[in-house]
$ cat upload17.pdb   # PDB, C-alpha atoms and all ligand atoms
MODEL        1
ATOM      1  CA  MET A   1     -19.249  10.379  -1.007
ATOM      2  CA  THR A   2     -18.186  11.745   2.369
ATOM      3  CA  SER A   3     -16.339   9.657   4.914
ATOM      4  CA  THR A   4     -19.438   9.505   7.119
ATOM      5  CA  GLN A   5     -21.383   7.520   4.514
ATOM      6  CA  GLN A   6     -21.182   3.763   4.017
ATOM      7  CA  PRO A   7     -18.122   2.657   2.018
ATOM      8  CA  PRO A   8     -18.859   1.267  -1.490
ATOM      9  CA  ALA A   9     -17.209  -2.019  -0.620
ATOM     10  CA  SER A  10     -18.002  -4.781   1.797
ATOM     11  CA  ILE A  11     -16.381  -7.666   3.568
ATOM     12  CA  GLY A  12     -16.152 -10.975   1.723
ATOM     13  CA  ARG A  13     -15.066 -14.361   3.077
ATOM     14  CA  VAL A  14     -12.854 -14.593   6.141
ATOM     15  CA  VAL A  15      -9.395 -15.683   4.979
ATOM     16  CA  TYR A  16      -7.627 -15.849   8.373
ATOM     17  CA  SER A  17      -9.764 -16.088  11.505
ATOM     18  CA  GLU A  18      -8.942 -14.467  14.842
ATOM     19  CA  GLU A  19      -7.889 -17.853  16.159
ATOM     20  CA  ALA A  20      -5.658 -18.632  13.144
ATOM     21  CA  ILE A  21      -3.969 -15.235  13.486
ATOM     22  CA  ARG A  22      -3.516 -15.665  17.241
ATOM     23  CA  ARG A  23      -1.849 -19.079  16.822
ATOM     24  CA  ARG A  24       0.489 -17.964  14.021
ATOM     25  CA  VAL A  25       1.504 -14.755  15.809
ATOM     26  CA  GLN A  26       2.296 -16.767  18.938
ATOM     27  CA  GLN A  27       4.537 -19.098  16.885
ATOM     28  CA  LEU A  28       6.353 -16.157  15.313
ATOM     29  CA  GLY A  29       6.904 -14.630  18.755
ATOM     30  CA  GLU A  30       8.431 -17.869  20.008
ATOM     31  CA  GLU A  31      10.731 -18.117  16.983
ATOM     32  CA  ILE A  32      11.879 -14.514  17.360
ATOM     33  CA  SER A  33      12.454 -15.019  21.098
ATOM     34  CA  ARG A  34      14.725 -18.004  20.357
ATOM     35  CA  ASP A  35      16.647 -16.372  17.497
ATOM     36  CA  TYR A  36      17.254 -13.049  19.255
ATOM     37  CA  GLU A  37      18.073 -14.352  22.749
ATOM     38  CA  GLY A  38      20.775 -12.087  24.228
ATOM     39  CA  LEU A  39      20.651  -9.607  21.304
ATOM     40  CA  HIS A  40      18.150  -7.033  22.623
ATOM     41  CA  PRO A  41      16.664  -6.282  19.175
ATOM     42  CA  ILE A  42      14.740  -3.194  18.069
ATOM     43  CA  LEU A  43      11.449  -4.007  16.370
ATOM     44  CA  VAL A  44      10.650  -1.316  13.829
ATOM     45  CA  SER A  45       7.130  -1.133  12.573
ATOM     46  CA  VAL A  46       5.638   0.977   9.786
ATOM     47  CA  LEU A  47       2.406   2.838  10.508
ATOM     48  CA  LYS A  48      -0.415   2.276  10.232
ATOM     49  CA  GLY A  49      -1.205  -1.196   8.941
ATOM     50  CA  ALA A  50       1.180  -3.106  11.194
ATOM     51  CA  ILE A  51      -0.097  -1.756  14.532
ATOM     52  CA  TYR A  52      -2.328  -4.688  15.499
ATOM     53  CA  PHE A  53       0.265  -7.227  14.379
ATOM     54  CA  VAL A  54       3.130  -5.572  16.233
ATOM     55  CA  ALA A  55       1.003  -5.146  19.373
ATOM     56  CA  ASP A  56       0.180  -8.860  19.473
ATOM     57  CA  LEU A  57       3.590 -10.042  18.277
ATOM     58  CA  THR A  58       5.540  -8.087  20.897
ATOM     59  CA  ARG A  59       3.313  -9.481  23.642
ATOM     60  CA  SER A  60       4.270 -13.003  22.585
ATOM     61  CA  ILE A  61       8.021 -12.249  22.720
ATOM     62  CA  ARG A  62       9.739 -13.371  25.930
ATOM     63  CA  ILE A  63      13.092 -11.540  25.616
ATOM     64  CA  PRO A  64      13.929  -7.836  26.152
ATOM     65  CA  ILE A  65      13.174  -5.736  23.063
ATOM     66  CA  HIS A  66      12.857  -2.104  22.080
ATOM     67  CA  LEU A  67       9.975  -0.921  19.910
ATOM     68  CA  ASP A  68       9.979   1.972  17.458
ATOM     69  CA  PHE A  69       7.832   3.290  14.605
ATOM     70  CA  LEU A  70       8.268   4.851  11.194
ATOM     71  CA  ALA A  71       5.522   6.820   9.494
ATOM     72  CA  ILE A  72       5.620   7.399   5.760
ATOM     73  CA  SER A  73       3.623   9.246   3.170
ATOM     74  CA  ARG A  74       3.488   8.508  -0.523
ATOM     75  CA  TYR A  75       3.933  10.936  -3.378
ATOM     76  CA  GLY A  76       1.087   9.483  -5.450
ATOM     77  CA  GLN A  77       1.606   7.515  -8.643
ATOM     78  CA  GLU A  78       5.370   7.969  -8.819
ATOM     79  CA  SER A  79       5.680   6.512  -5.349
ATOM     80  CA  GLU A  80       3.601   3.496  -6.360
ATOM     81  CA  GLN A  81       6.012   2.715  -9.180
ATOM     82  CA  THR A  82       9.298   3.350  -7.354
ATOM     83  CA  GLY A  83       8.577   2.781  -3.680
ATOM     84  CA  VAL A  84      10.093   6.182  -2.838
ATOM     85  CA  VAL A  85       8.263   7.532   0.192
ATOM     86  CA  ARG A  86       8.645  10.550   2.451
ATOM     87  CA  ILE A  87       9.441   9.807   6.092
ATOM     88  CA  THR A  88       6.929  11.754   8.177
ATOM     89  CA  LYS A  89       8.060  10.250  11.486
ATOM     90  CA  ASP A  90      11.579   8.906  11.823
ATOM     91  CA  LEU A  91      12.801   6.460  14.448
ATOM     92  CA  ASP A  92      13.371   7.802  17.971
ATOM     93  CA  ILE A  93      16.040   5.211  18.765
ATOM     94  CA  PRO A  94      19.449   5.205  17.018
ATOM     95  CA  ILE A  95      19.941   1.825  15.305
ATOM     96  CA  THR A  96      23.691   1.904  14.557
ATOM     97  CA  GLY A  97      25.188  -1.318  15.910
ATOM     98  CA  ARG A  98      21.752  -2.643  16.956
ATOM     99  CA  HIS A  99      19.865  -5.731  15.752
ATOM    100  CA  VAL A 100      16.843  -4.432  13.834
ATOM    101  CA  LEU A 101      13.769  -6.422  12.860
ATOM    102  CA  MET A 102      11.368  -4.656  10.484
ATOM    103  CA  ILE A 103       7.743  -5.567  11.087
ATOM    104  CA  GLU A 104       5.274  -5.236   8.197
ATOM    105  CA  ASP A 105       1.627  -6.196   7.884
ATOM    106  CA  VAL A 106       1.799  -7.054   4.184
ATOM    107  CA  ILE A 107       4.448  -7.204   1.479
ATOM    108  CA  ASP A 108       2.971  -6.853  -1.947
ATOM    109  CA  THR A 109       5.200  -5.371  -4.697
ATOM    110  CA  GLY A 110       8.005  -5.065  -2.104
ATOM    111  CA  LEU A 111       8.788  -1.513  -3.276
ATOM    112  CA  THR A 112       7.958   0.213   0.021
ATOM    113  CA  LEU A 113      10.042  -2.154   2.070
ATOM    114  CA  ARG A 114      12.992  -2.089  -0.339
ATOM    115  CA  TYR A 115      13.158   1.685   0.034
ATOM    116  CA  LEU A 116      12.920   1.537   3.829
ATOM    117  CA  LEU A 117      15.541  -1.219   4.119
ATOM    118  CA  LEU A 118      18.020   0.773   2.008
ATOM    119  CA  MET A 119      17.417   3.799   4.205
ATOM    120  CA  LEU A 120      17.946   1.852   7.441
ATOM    121  CA  GLU A 121      20.996  -0.014   6.111
ATOM    122  CA  ARG A 122      22.818   3.304   5.704
ATOM    123  CA  ARG A 123      22.636   3.693   9.496
ATOM    124  CA  GLN A 124      24.758   0.539   9.868
ATOM    125  CA  PRO A 125      22.705  -1.692  12.154
ATOM    126  CA  ALA A 126      24.389  -4.886  13.416
ATOM    127  CA  SER A 127      21.714  -6.839  11.526
ATOM    128  CA  LEU A 128      18.543  -6.033   9.601
ATOM    129  CA  TYR A 129      15.832  -8.618   8.944
ATOM    130  CA  VAL A 130      12.161  -8.612   7.947
ATOM    131  CA  CYS A 131       9.085 -10.086   9.579
ATOM    132  CA  THR A 132       5.773  -9.798   7.733
ATOM    133  CA  LEU A 133       2.376 -11.119   8.694
ATOM    134  CA  LEU A 134       1.285 -11.502   5.065
ATOM    135  CA  ASP A 135       3.285 -12.224   1.938
ATOM    136  CA  ASN A 136       1.555 -11.697  -1.406
ATOM    137  CA  ARG A 137       4.190 -13.363  -3.612
ATOM    138  CA  ALA A 138       2.095 -13.107  -6.769
ATOM    139  CA  ARG A 139       2.431  -9.313  -6.797
ATOM    140  CA  ARG A 140       6.149  -9.073  -5.995
ATOM    141  CA  LEU A 141       8.182  -6.765  -8.267
ATOM    142  CA  VAL A 142      11.443  -6.733  -6.293
ATOM    143  CA  GLU A 143      12.944  -9.659  -4.415
ATOM    144  CA  LEU A 144      13.410  -9.152  -0.696
ATOM    145  CA  PRO A 145      14.740 -11.544   1.929
ATOM    146  CA  ILE A 146      11.922 -12.345   4.396
ATOM    147  CA  ARG A 147      13.095 -14.042   7.581
ATOM    148  CA  TYR A 148       9.690 -14.464   9.277
ATOM    149  CA  ARG A 149       6.441 -14.883   7.341
ATOM    150  CA  GLY A 150       3.038 -15.306   8.973
ATOM    151  CA  PHE A 151       1.034 -16.413   5.955
ATOM    152  CA  ALA A 152       1.683 -16.816   2.220
ATOM    153  CA  MET A 153      -1.597 -15.135   1.306
ATOM    154  CA  PRO A 154      -3.747 -15.684  -1.792
ATOM    155  CA  ASP A 155      -3.532 -12.947  -4.427
ATOM    156  CA  GLU A 156      -6.501 -10.971  -3.161
ATOM    157  CA  PHE A 157      -6.981  -7.653  -1.427
ATOM    158  CA  LEU A 158      -7.298  -8.366   2.290
ATOM    159  CA  VAL A 159      -8.661  -6.072   4.969
ATOM    160  CA  GLY A 160      -8.847  -6.178   8.744
ATOM    161  CA  TYR A 161      -6.316  -6.694  11.548
ATOM    162  CA  GLY A 162      -4.781  -3.331  10.587
ATOM    163  CA  LEU A 163      -5.148  -3.569   6.807
ATOM    164  CA  ASP A 164      -7.397  -0.988   5.238
ATOM    165  CA  TRP A 165      -9.282  -0.224   2.084
ATOM    166  CA  ARG A 166      -9.284   3.584   1.845
ATOM    167  CA  GLU A 167      -8.896   3.702   5.650
ATOM    168  CA  ASP A 168     -11.928   1.489   6.277
ATOM    169  CA  PHE A 169     -11.968  -1.935   7.935
ATOM    170  CA  ARG A 170      -8.664  -1.728   9.874
ATOM    171  CA  HIS A 171     -10.359  -2.551  13.175
ATOM    172  CA  LEU A 172     -11.796  -5.945  12.149
ATOM    173  CA  PRO A 173     -10.233  -8.622  14.385
ATOM    174  CA  TYR A 174      -9.848 -11.075  11.456
ATOM    175  CA  LEU A 175      -8.533 -10.851   7.884
ATOM    176  CA  ALA A 176     -11.113 -10.963   5.107
ATOM    177  CA  ALA A 177     -11.159 -10.549   1.359
ATOM    178  CA  LEU A 178     -12.612  -7.273   0.147
ATOM    179  CA  ALA A 179     -15.846  -7.689  -1.783
ATOM    180  CA  ARG A 180     -16.496  -4.668  -3.966
ATOM    181  CA  THR A 181     -20.112  -3.798  -4.571
ATOM    182  CA  PRO A 182     -21.083  -2.951  -8.165
TER     183      PRO A 182
HETATM  184  O1  LIG B   1       4.823  -4.083  -0.999
HETATM  185  P1  LIG B   1       4.079  -2.814  -1.358
HETATM  186  O2  LIG B   1       3.399  -2.919  -2.701
HETATM  187  O3  LIG B   1       4.976  -1.611  -1.292
HETATM  188  O4  LIG B   1       2.863  -2.628  -0.353
HETATM  189  C1  LIG B   1       2.966  -2.847   0.998
HETATM  190  C2  LIG B   1       2.739  -1.593   1.774
HETATM  191  O5  LIG B   1       1.380  -1.153   1.584
HETATM  192  C3  LIG B   1       0.725  -1.064   2.835
HETATM  193  O6  LIG B   1       0.806   0.244   3.362
HETATM  194  P2  LIG B   1      -0.191   1.428   3.012
HETATM  195  O7  LIG B   1       0.440   2.345   2.028
HETATM  196  O8  LIG B   1      -1.535   0.864   2.643
HETATM  197  O9  LIG B   1      -0.267   2.230   4.370
HETATM  198  P3  LIG B   1      -1.037   1.825   5.727
HETATM  199  O10 LIG B   1      -0.186   0.789   6.406
HETATM  200  O11 LIG B   1      -1.098   3.092   6.510
HETATM  201  O12 LIG B   1      -2.384   1.309   5.336
HETATM  202  C4  LIG B   1       1.521  -2.014   3.736
HETATM  203  O13 LIG B   1       1.434  -1.670   5.097
HETATM  204  C5  LIG B   1       2.931  -1.898   3.228
HETATM  205  O14 LIG B   1       3.649  -0.867   3.874
HETATM  206  O1  LIG B   2      -4.021  -6.827   0.511
HETATM  207  C1  LIG B   2      -3.834  -5.658   0.932
HETATM  208  N1  LIG B   2      -4.721  -5.055   1.767
HETATM  209  C2  LIG B   2      -4.542  -3.793   2.253
HETATM  210  N2  LIG B   2      -3.504  -3.029   1.939
HETATM  211  C3  LIG B   2      -2.579  -3.555   1.117
HETATM  212  N3  LIG B   2      -1.438  -3.008   0.665
HETATM  213  C4  LIG B   2      -0.864  -3.908  -0.100
HETATM  214  N4  LIG B   2      -1.618  -5.048  -0.169
HETATM  215  C5  LIG B   2      -2.704  -4.854   0.597
HETATM  216 MG    MG B   3      -3.179   0.838   3.524
ENDMDL
END

$ encode --input "upload17.pdb" --output "structure tokens" --more "lines below"
Ligand SMILES: O=P(O)(O)OC[C@H]1O[C@H](OP(=O)(O)OP(=O)(O)O)[C@H](O)[C@@H]1O
Ligand code: HPA
Ligand SMILES: [Mg+2]
Amino acid sequence: MTSTQQPPASIGRVVYSEEAIRRRVQQLGEEISRDYEGLHPILVSVLKGAIYFVADLTRSIRIPIHLDFLAISRYGQESEQTGVVRITKDLDIPITGRHVLMIEDVIDTGLTLRYLLLMLERRQPASLYVCTLLDNRARRLVELPIRYRGFAMPDEFLVGYGLDWREDFRHLPYLAALARTP
């Protein structure tokens, strides 16, 4: 199949509607605004899945913030089992002595985030916390402290609002379960 053909998967039931996402993201923005008042945090987001979430979340934050991005690439199967990734775009802003909030779209096994947190901790930020839109607890392999959680999601594969299946479906404005076709 080429990428111009229809994907062999389709959208199942809507799990979180546009309105449900909007309300929850607004609440998270208010919480973050209260907790980080006077701290001028850096929000660090990991491409690409988190882009819609971080765009909406930052617009609901009422305090001064900085925004930066990490891009990573995986080494294939080994990466899936260890979480070791290659940084293809590092942060532009130095984080030493700064309050850093990592923004993820989904935490599943936790391996990716564990690796990234260890890497950022070595730069000695003043604080380092995690905000994720979706938490799939059922699939967790390593425990991670999550300070802000949008939704404790069901153990399904979700797409939309930035989340992809083989790069498809990121642009959907809601989150839906993936329905594979036979
Ligand atoms: O907890 P884990 O099992 O490590 O999985 C979570 C990671 O997987 C997804 O990224 P993905 O590799 O799909 O990249 P993308 O954001 O570009 O889609 C997601 O954005 C997290 O970074
Ligand atoms: O549910 C998911 N959807 C898309 N990408 C993902 N990466 C980990 N979990 C998911
Ligand atoms: Mg993905």

$ residues_around --input "upload17.pdb" --residues "Thr96 (chain A)" --least-positions-apart "4" --cutoff "8 Å" --atoms "all atoms listed in the file" --output "PyMOL selection string"
chain A and resi 123-126

$ axis_aligned_box --input "upload17.pdb" --around "ligand LIG 1 (chain B)" --padding-each-side "3 Å" --output "AutoDock Vina command-line options"
--center_x 1.3 --center_y -0.5 --center_z 1.9 --size_x 13.4 --size_y 13.2 --size_z 15.2

$ closest_residue --input "upload17.pdb" --among "A:Arg62, A:Arg137, A:Arg122, A:Arg149" --to "ligand LIG 1 (chain B)" --atoms "all atoms listed in the file"
A:Arg137

$ closest_residue --input "upload17.pdb" --among "A:Trp165, A:Tyr174, A:Tyr16, A:Tyr148" --to "ligand LIG 2 (chain B)" --atoms "only C-alpha atoms and all ligand atoms"
A:Trp165

$ residues_near_ligand --input "upload17.pdb" --ligand "ligand MG 3 (chain B)" --cutoff "12 Å" --atoms "all atoms listed in the file" --output "JSON, numbers by chain"
{"A": [46, 47, 48, 49, 50, 51, 72, 73, 74, 104, 105, 106, 107, 108, 112, 157, 158, 159, 160, 161, 162, 163, 164, 165, 166, 167, 168, 169, 170]}

$ resolve_selection --input "upload17.pdb" --expression "the PyMOL selection byres (((chain A and resi 27-44) around 8) and not hetatm)" --output "list of chain:residue names"
A:Arg23, A:Arg24, A:Val25, A:Gln26, A:Ser45, A:Val46, A:Leu57, A:Thr58, A:Arg59, A:Ser60, A:Ile61, A:Arg62, A:Ile63, A:Pro64, A:Ile65, A:His66, A:Leu67, A:Asp68, A:Phe69, A:Leu70, A:Ile95, A:Arg98, A:His99, A:Val100, A:Leu101, A:Met102, A:Ile103, A:Tyr148, A:Gly150

$ atom_distance --input "upload17.pdb" --atom1 "CA of Leu134 (chain A)" --atom2 "CA of Gly97 (chain A)"
28.2 Å

$ closest_residue --input "upload17.pdb" --among "A:Leu113, A:Glu19, A:Arg147, A:Cys131" --to "ligand LIG 2 (chain B)" --atoms "all atoms listed in the file"
A:Leu113

$ closest_residue --input "upload17.pdb" --among "A:Ile21, A:Leu178, A:Leu111, A:Ile11" --to "ligand LIG 1 (chain B)" --atoms "all atoms listed in the file"
A:Leu111

$ atom_distance --input "upload17.pdb" --atom1 "CA of Arg114 (chain A)" --atom2 "CA of Arg22 (chain A)"
27.7 Å

$ closest_residue --input "upload17.pdb" --among "A:Ala71, A:Met119, A:Tyr129, A:Ala176" --to "ligand LIG 1 (chain B)" --atoms "all atoms listed in the file"
A:Ala71

$ closest_residue --input "upload17.pdb" --among "A:Pro154, A:Pro8, A:Gly76, A:Pro173" --to "ligand LIG 1 (chain B)" --atoms "all atoms listed in the file"
A:Gly76

$ atom_distance --input "upload17.pdb" --atom1 "CA of Tyr115 (chain A)" --atom2 "CA of Gly83 (chain A)"
6.0 Å

$ resolve_selection --input "upload17.pdb" --expression "the PyMOL selection byres (((chain A and resi 15) around 7) and not hetatm)" --output "ChimeraX atom specification"
/A:13-14,16-17,175-177
